[in-house]
>>> print(open('coords_23.cif').read())   # mmCIF, C-alpha atoms, pLDDT in the B column; chains and numbers go by the auth columns
data_entry
#
loop_
_atom_site.group_PDB
_atom_site.id
_atom_site.type_symbol
_atom_site.label_atom_id
_atom_site.label_comp_id
_atom_site.label_asym_id
_atom_site.label_seq_id
_atom_site.Cartn_x
_atom_site.Cartn_y
_atom_site.Cartn_z
_atom_site.B_iso_or_equiv
_atom_site.auth_seq_id
_atom_site.auth_asym_id
ATOM 1 C CA MET A 1 -62.781 -35.305 -34.664 55.00 1371 V
ATOM 2 C CA GLU A 2 -62.920 -36.486 -31.087 63.00 1372 V
ATOM 3 C CA THR A 3 -59.344 -37.795 -31.329 63.00 1373 V
ATOM 4 C CA THR A 4 -58.108 -34.440 -32.642 64.00 1374 V
ATOM 5 C CA ARG A 5 -59.696 -32.688 -29.660 59.00 1375 V
ATOM 6 C CA VAL A 6 -58.129 -35.184 -27.220 52.00 1376 V
ATOM 7 C CA LYS A 7 -54.769 -34.724 -28.917 55.00 1377 V
ATOM 8 C CA ARG A 8 -55.072 -30.940 -28.541 62.00 1378 V
ATOM 9 C CA ILE A 9 -55.908 -31.260 -24.844 60.00 1379 V
ATOM 10 C CA ILE A 10 -52.980 -33.648 -24.255 61.00 1380 V
ATOM 11 C CA PHE A 11 -50.687 -31.370 -26.267 57.00 1381 V
ATOM 12 C CA SER A 12 -51.828 -28.310 -24.271 58.00 1382 V
ATOM 13 C CA LEU A 13 -51.283 -30.148 -20.972 53.00 1383 V
ATOM 14 C CA CYS A 14 -47.795 -31.201 -22.081 55.00 1384 V
ATOM 15 C CA LEU A 15 -46.948 -27.611 -23.056 52.00 1385 V
ATOM 16 C CA MET A 16 -48.149 -26.328 -19.654 60.00 1386 V
ATOM 17 C CA ALA A 17 -46.118 -28.996 -17.841 60.00 1387 V
ATOM 18 C CA ILE A 18 -42.973 -28.142 -19.809 64.00 1388 V
ATOM 19 C CA ALA A 19 -43.495 -24.419 -19.218 59.00 1389 V
ATOM 20 C CA GLY A 20 -43.955 -25.064 -15.494 60.00 1390 V
ATOM 21 C CA LEU A 21 -40.734 -27.062 -15.351 56.00 1391 V
ATOM 22 C CA ILE A 22 -38.807 -24.400 -17.218 60.00 1392 V
ATOM 23 C CA PHE A 23 -39.913 -21.605 -14.884 57.00 1393 V
ATOM 24 C CA THR A 24 -39.521 -23.539 -11.639 57.00 1394 V
ATOM 25 C CA GLY A 25 -36.853 -26.150 -12.323 53.00 1395 V
ATOM 26 C CA CYS A 26 -34.300 -23.807 -13.850 51.00 1396 V
ATOM 27 C CA SER A 27 -34.419 -20.989 -11.336 52.00 1397 V
ATOM 28 C CA LYS A 28 -31.078 -19.769 -9.984 59.00 1398 V
ATOM 29 C CA ASP A 29 -30.066 -20.500 -6.421 61.00 1399 V
ATOM 30 C CA ASP A 30 -30.674 -17.698 -3.991 58.00 1400 V
ATOM 31 C CA PRO A 31 -27.572 -15.506 -3.858 61.00 1401 V
ATOM 32 C CA LYS A 32 -25.579 -15.812 -0.642 61.00 1402 V
ATOM 33 C CA PRO A 33 -25.148 -12.585 1.283 61.00 1403 V
ATOM 34 C CA ALA A 34 -21.694 -11.073 0.922 66.00 1404 V
ATOM 35 C CA ALA A 35 -19.380 -11.731 3.853 73.00 1405 V
ATOM 36 C CA ARG A 36 -19.154 -8.748 6.158 89.00 1406 V
ATOM 37 C CA LYS A 37 -15.763 -7.064 6.370 94.00 1407 V
ATOM 38 C CA ILE A 38 -14.179 -4.987 9.127 95.00 1408 V
ATOM 39 C CA SER A 39 -12.141 -1.815 9.372 96.00 1409 V
ATOM 40 C CA MET A 40 -9.531 -1.607 12.113 97.00 1410 V
ATOM 41 C CA LYS A 41 -7.799 1.192 13.967 98.00 1411 V
ATOM 42 C CA VAL A 42 -4.982 0.353 16.398 98.00 1412 V
ATOM 43 C CA THR A 43 -3.436 2.948 18.724 98.00 1413 V
ATOM 44 C CA ILE A 44 -0.241 1.974 20.591 98.00 1414 V
ATOM 45 C CA THR A 45 1.837 3.967 23.089 97.00 1415 V
ATOM 46 C CA VAL A 46 4.981 2.692 24.840 96.00 1416 V
ATOM 47 C CA THR A 47 7.112 4.733 27.265 95.00 1417 V
ATOM 48 C CA GLY A 48 10.029 4.024 29.594 92.00 1418 V
ATOM 49 C CA LEU A 49 12.119 1.787 27.329 91.00 1419 V
ATOM 50 C CA ALA A 50 15.773 1.254 28.261 89.00 1420 V
ATOM 51 C CA GLU A 51 18.663 -0.806 26.885 87.00 1421 V
ATOM 52 C CA GLY A 52 17.940 -4.499 27.286 88.00 1422 V
ATOM 53 C CA ASP A 53 14.167 -4.087 26.982 92.00 1423 V
ATOM 54 C CA GLN A 54 12.219 -5.679 24.158 94.00 1424 V
ATOM 55 C CA VAL A 55 8.846 -4.659 22.771 96.00 1425 V
ATOM 56 C CA ASP A 56 7.112 -6.013 19.671 96.00 1426 V
ATOM 57 C CA PHE A 57 3.681 -5.296 18.257 97.00 1427 V
ATOM 58 C CA GLY A 58 2.552 -7.338 15.260 96.00 1428 V
ATOM 59 C CA ILE A 59 -0.560 -6.053 13.514 97.00 1429 V
ATOM 60 C CA GLY A 60 -2.160 -7.847 10.575 95.00 1430 V
ATOM 61 C CA ALA A 61 -5.197 -7.773 8.315 94.00 1431 V
ATOM 62 C CA GLY A 62 -6.270 -9.899 5.392 92.00 1432 V
ATOM 63 C CA ASN A 63 -8.979 -11.522 3.325 91.00 1433 V
ATOM 64 C CA HIS A 64 -9.869 -15.151 2.786 89.00 1434 V
ATOM 65 C CA ASP A 65 -8.775 -14.780 -0.818 88.00 1435 V
ATOM 66 C CA ALA A 66 -5.805 -13.047 -2.441 83.00 1436 V
ATOM 67 C CA SER A 67 -7.598 -9.730 -3.031 82.00 1437 V
ATOM 68 C CA GLN A 68 -5.352 -7.737 -0.663 80.00 1438 V
ATOM 69 C CA TYR A 69 -2.093 -8.715 -2.378 82.00 1439 V
ATOM 70 C CA GLY A 70 -0.484 -5.888 -4.286 83.00 1440 V
ATOM 71 C CA ALA A 71 -2.817 -3.289 -2.752 86.00 1441 V
ATOM 72 C CA PRO A 72 -2.384 -0.941 0.237 87.00 1442 V
ATOM 73 C CA VAL A 73 -3.457 -2.464 3.557 92.00 1443 V
ATOM 74 C CA TRP A 74 -2.294 -0.135 6.381 95.00 1444 V
ATOM 75 C CA LYS A 75 -1.739 3.527 7.138 95.00 1445 V
ATOM 76 C CA ILE A 76 0.667 4.361 9.984 96.00 1446 V
ATOM 77 C CA ASN A 77 0.170 7.836 11.442 96.00 1447 V
ATOM 78 C CA GLY A 78 -1.698 8.746 8.250 95.00 1448 V
ATOM 79 C CA VAL A 79 0.945 7.452 5.800 95.00 1449 V
ATOM 80 C CA THR A 80 -0.005 4.537 3.519 94.00 1450 V
ATOM 81 C CA GLN A 81 2.446 1.638 3.881 91.00 1451 V
ATOM 82 C CA GLY A 82 2.067 -0.062 0.516 85.00 1452 V
ATOM 83 C CA ASN A 83 1.006 -3.698 0.322 87.00 1453 V
ATOM 84 C CA GLU A 84 2.295 -4.901 3.717 88.00 1454 V
ATOM 85 C CA ASP A 85 -0.474 -6.987 5.269 89.00 1455 V
ATOM 86 C CA HIS A 86 1.459 -7.372 8.555 93.00 1456 V
ATOM 87 C CA ILE A 87 3.262 -4.543 10.322 95.00 1457 V
ATOM 88 C CA LEU A 88 5.877 -5.171 13.026 96.00 1458 V
ATOM 89 C CA LEU A 89 6.749 -2.348 15.405 96.00 1459 V
ATOM 90 C CA GLY A 90 9.724 -3.019 17.687 94.00 1460 V
ATOM 91 C CA VAL A 91 11.836 -1.342 20.295 92.00 1461 V
ATOM 92 C CA GLN A 92 13.652 0.873 17.745 92.00 1462 V
ATOM 93 C CA GLU A 93 10.364 2.272 16.431 94.00 1463 V
ATOM 94 C CA PHE A 94 9.139 3.095 19.945 93.00 1464 V
ATOM 95 C CA ARG A 95 12.399 4.813 20.848 88.00 1465 V
ATOM 96 C CA ALA A 96 11.893 7.061 17.803 87.00 1466 V
ATOM 97 C CA ASN A 97 8.168 7.670 18.376 90.00 1467 V
ATOM 98 C CA GLN A 98 6.164 6.714 21.453 91.00 1468 V
ATOM 99 C CA THR A 99 2.711 6.581 19.816 96.00 1469 V
ATOM 100 C CA TYR A 100 1.539 4.914 16.597 97.00 1470 V
ATOM 101 C CA VAL A 101 -1.909 4.922 15.019 98.00 1471 V
ATOM 102 C CA LEU A 102 -2.491 2.190 12.431 97.00 1472 V
ATOM 103 C CA GLU A 103 -5.626 2.080 10.291 97.00 1473 V
ATOM 104 C CA THR A 104 -6.729 -0.279 7.545 96.00 1474 V
ATOM 105 C CA VAL A 105 -6.985 1.393 4.153 94.00 1475 V
ATOM 106 C CA LYS A 106 -10.159 -0.554 3.279 93.00 1476 V
ATOM 107 C CA PRO A 107 -12.291 -3.197 5.062 94.00 1477 V
ATOM 108 C CA PHE A 108 -10.891 -6.739 5.418 94.00 1478 V
ATOM 109 C CA ASP A 109 -12.191 -10.175 6.456 95.00 1479 V
ATOM 110 C CA PHE A 110 -10.086 -10.426 9.624 95.00 1480 V
ATOM 111 C CA GLY A 111 -7.353 -8.772 11.664 96.00 1481 V
ATOM 112 C CA SER A 112 -4.929 -9.561 14.466 97.00 1482 V
ATOM 113 C CA LEU A 113 -2.769 -7.952 17.130 97.00 1483 V
ATOM 114 C CA ASN A 114 0.164 -9.487 18.992 97.00 1484 V
ATOM 115 C CA ALA A 115 1.478 -7.439 21.910 97.00 1485 V
ATOM 116 C CA SER A 116 4.753 -8.534 23.511 96.00 1486 V
ATOM 117 C CA CYS A 117 6.970 -6.708 25.985 95.00 1487 V
ATOM 118 C CA ILE A 118 9.912 -7.903 28.082 93.00 1488 V
ATOM 119 C CA ASN A 119 11.428 -5.577 30.669 93.00 1489 V
ATOM 120 C CA GLY A 120 15.026 -6.741 30.864 87.00 1490 V
ATOM 121 C CA LEU A 121 16.179 -4.292 33.514 77.00 1491 V
ATOM 122 C CA GLU A 122 15.053 -4.007 37.069 75.00 1492 V
ATOM 123 C CA ALA A 123 15.757 -0.278 37.285 80.00 1493 V
ATOM 124 C CA ASN A 124 13.013 0.916 34.951 88.00 1494 V
ATOM 125 C CA THR A 125 9.316 0.397 34.342 93.00 1495 V
ATOM 126 C CA ILE A 126 7.709 0.281 30.936 94.00 1496 V
ATOM 127 C CA THR A 127 4.215 1.686 30.488 96.00 1497 V
ATOM 128 C CA MET A 128 2.188 0.619 27.496 96.00 1498 V
ATOM 129 C CA SER A 129 -1.312 1.279 26.238 98.00 1499 V
ATOM 130 C CA TYR A 130 -2.993 -0.227 23.204 98.00 1500 V
ATOM 131 C CA LYS A 131 -6.485 0.037 21.828 98.00 1501 V
ATOM 132 C CA VAL A 132 -8.077 -1.788 18.901 98.00 1502 V
ATOM 133 C CA GLU A 133 -11.240 -0.402 17.360 98.00 1503 V
ATOM 134 C CA VAL A 134 -13.208 -2.570 14.943 97.00 1504 V
ATOM 135 C CA ASP A 135 -15.746 -0.654 12.865 96.00 1505 V
ATOM 136 C CA GLY A 136 -15.408 2.255 15.291 96.00 1506 V
ATOM 137 C CA LYS A 137 -16.088 0.217 18.453 97.00 1507 V
ATOM 138 C CA ALA A 138 -13.375 -0.555 21.019 97.00 1508 V
ATOM 139 C CA GLU A 139 -12.716 -4.317 21.067 97.00 1509 V
ATOM 140 C CA THR A 140 -9.480 -4.298 23.086 97.00 1510 V
ATOM 141 C CA ASN A 141 -8.446 -1.472 25.394 98.00 1511 V
ATOM 142 C CA VAL A 142 -5.391 -1.832 27.633 98.00 1512 V
ATOM 143 C CA GLU A 143 -4.528 1.444 29.362 97.00 1513 V
ATOM 144 C CA ASN A 144 -1.322 2.315 31.215 97.00 1514 V
ATOM 145 C CA LEU A 145 -0.168 -1.250 31.769 97.00 1515 V
ATOM 146 C CA VAL A 146 3.032 -1.183 33.842 96.00 1516 V
ATOM 147 C CA ILE A 147 5.659 -3.854 33.209 95.00 1517 V
ATOM 148 C CA ALA A 148 8.160 -3.802 36.054 94.00 1518 V
ATOM 149 C CA GLY A 149 11.770 -4.916 35.792 91.00 1519 V
ATOM 150 C CA GLY A 150 12.150 -8.614 34.982 91.00 1520 V
ATOM 151 C CA GLN A 151 8.473 -8.984 33.979 94.00 1521 V
ATOM 152 C CA SER A 152 6.829 -9.543 30.626 94.00 1522 V
ATOM 153 C CA HIS A 153 3.484 -9.157 28.870 96.00 1523 V
ATOM 154 C CA ASN A 154 2.356 -11.294 25.912 97.00 1524 V
ATOM 155 C CA LYS A 155 -1.122 -11.239 24.365 97.00 1525 V
ATOM 156 C CA ASN A 156 -2.551 -12.369 21.027 97.00 1526 V
ATOM 157 C CA TYR A 157 -5.878 -11.050 19.725 98.00 1527 V
ATOM 158 C CA SER A 158 -7.889 -11.824 16.609 97.00 1528 V
ATOM 159 C CA TYR A 159 -10.779 -9.889 15.090 97.00 1529 V
ATOM 160 C CA GLN A 160 -13.474 -10.625 12.538 94.00 1530 V
ATOM 161 C CA ALA A 161 -16.930 -9.390 11.622 88.00 1531 V
ATOM 162 C CA LYS A 162 -19.693 -10.225 14.075 83.00 1532 V
#
>>> encode(input="coords_23.cif", output="structure tokens")
Amino acid sequence: METTRVKRIIFSLCLMAIAGLIFTGCSKDDPKPAARKISMKVTITVTGLAEGDQVDFGIGAGNHDASQYGAPVWKINGVTQGNEDHILLGVQEFRANQTYVLETVKPFDFGSLNASCINGLEANTITMSYKVEVDGKAETNVENLVIAGGQSHNKNYSYQAK
């Protein structure tokens, strides 16, 4: 009778140990917080362009995976541009319209802006302004930058969640 009681105690202890291992040893890892994404708004104005001048603005946004492919990325002056993740605005676009407002359609992991201007003539001056807002806060703000004849301006910016 004593051996039956000892066996029951040992059996009960084994069951408690197994139950403890099941509830603690098989728990899932803590979920990682989702990566924060950003929304961008870029406003660009260029005036004073003449023949021989060159201006290029490259604006991009993307994710660290392929989730943006095949989906709208940018709106230009309120018009959705399809699935272009990089937009290039050059001298022809600024001769047709002096100001562009680009906005991401949805939040993305990162964004970029490349601003390049070459004044090829000495007779004119080019004035450019560009502003990048990330999640509604100004990150880059260049106002009324004058590029005199024979001068250039080249800047590259990158943006991501903070």
>>> atom_distance(input="coords_23.cif", atom1="CA of Ala1405 (chain V)", atom2="CA of Ile1457 (chain V)")
24.6 Å
>>> residues_around(input="coords_23.cif", residues="Ile1429 (chain V)", least_positions_apart="5", cutoff="12 Å", atoms="all atoms listed in the file", output="PyMOL selection string")
chain V and resi 1410-1414+1443-1446+1454-1460+1470-1474+1480-1486+1500-1502+1526-1529
>>> resolve_selection(input="coords_23.cif", expression="the PyMOL selection byres ((chain V and resi 1415) around 6)", output="number ranges by chain")
V: 1414, 1416, 1468-1469, 1498-1499
>>> atom_distance(input="coords_23.cif", atom1="CA of Gly1422 (chain V)", atom2="CA of Thr1495 (chain V)")
12.2 Å
>>> atom_distance(input="coords_23.cif", atom1="CA of Ile1517 (chain V)", atom2="CA of Asn1489 (chain V)")
6.5 Å
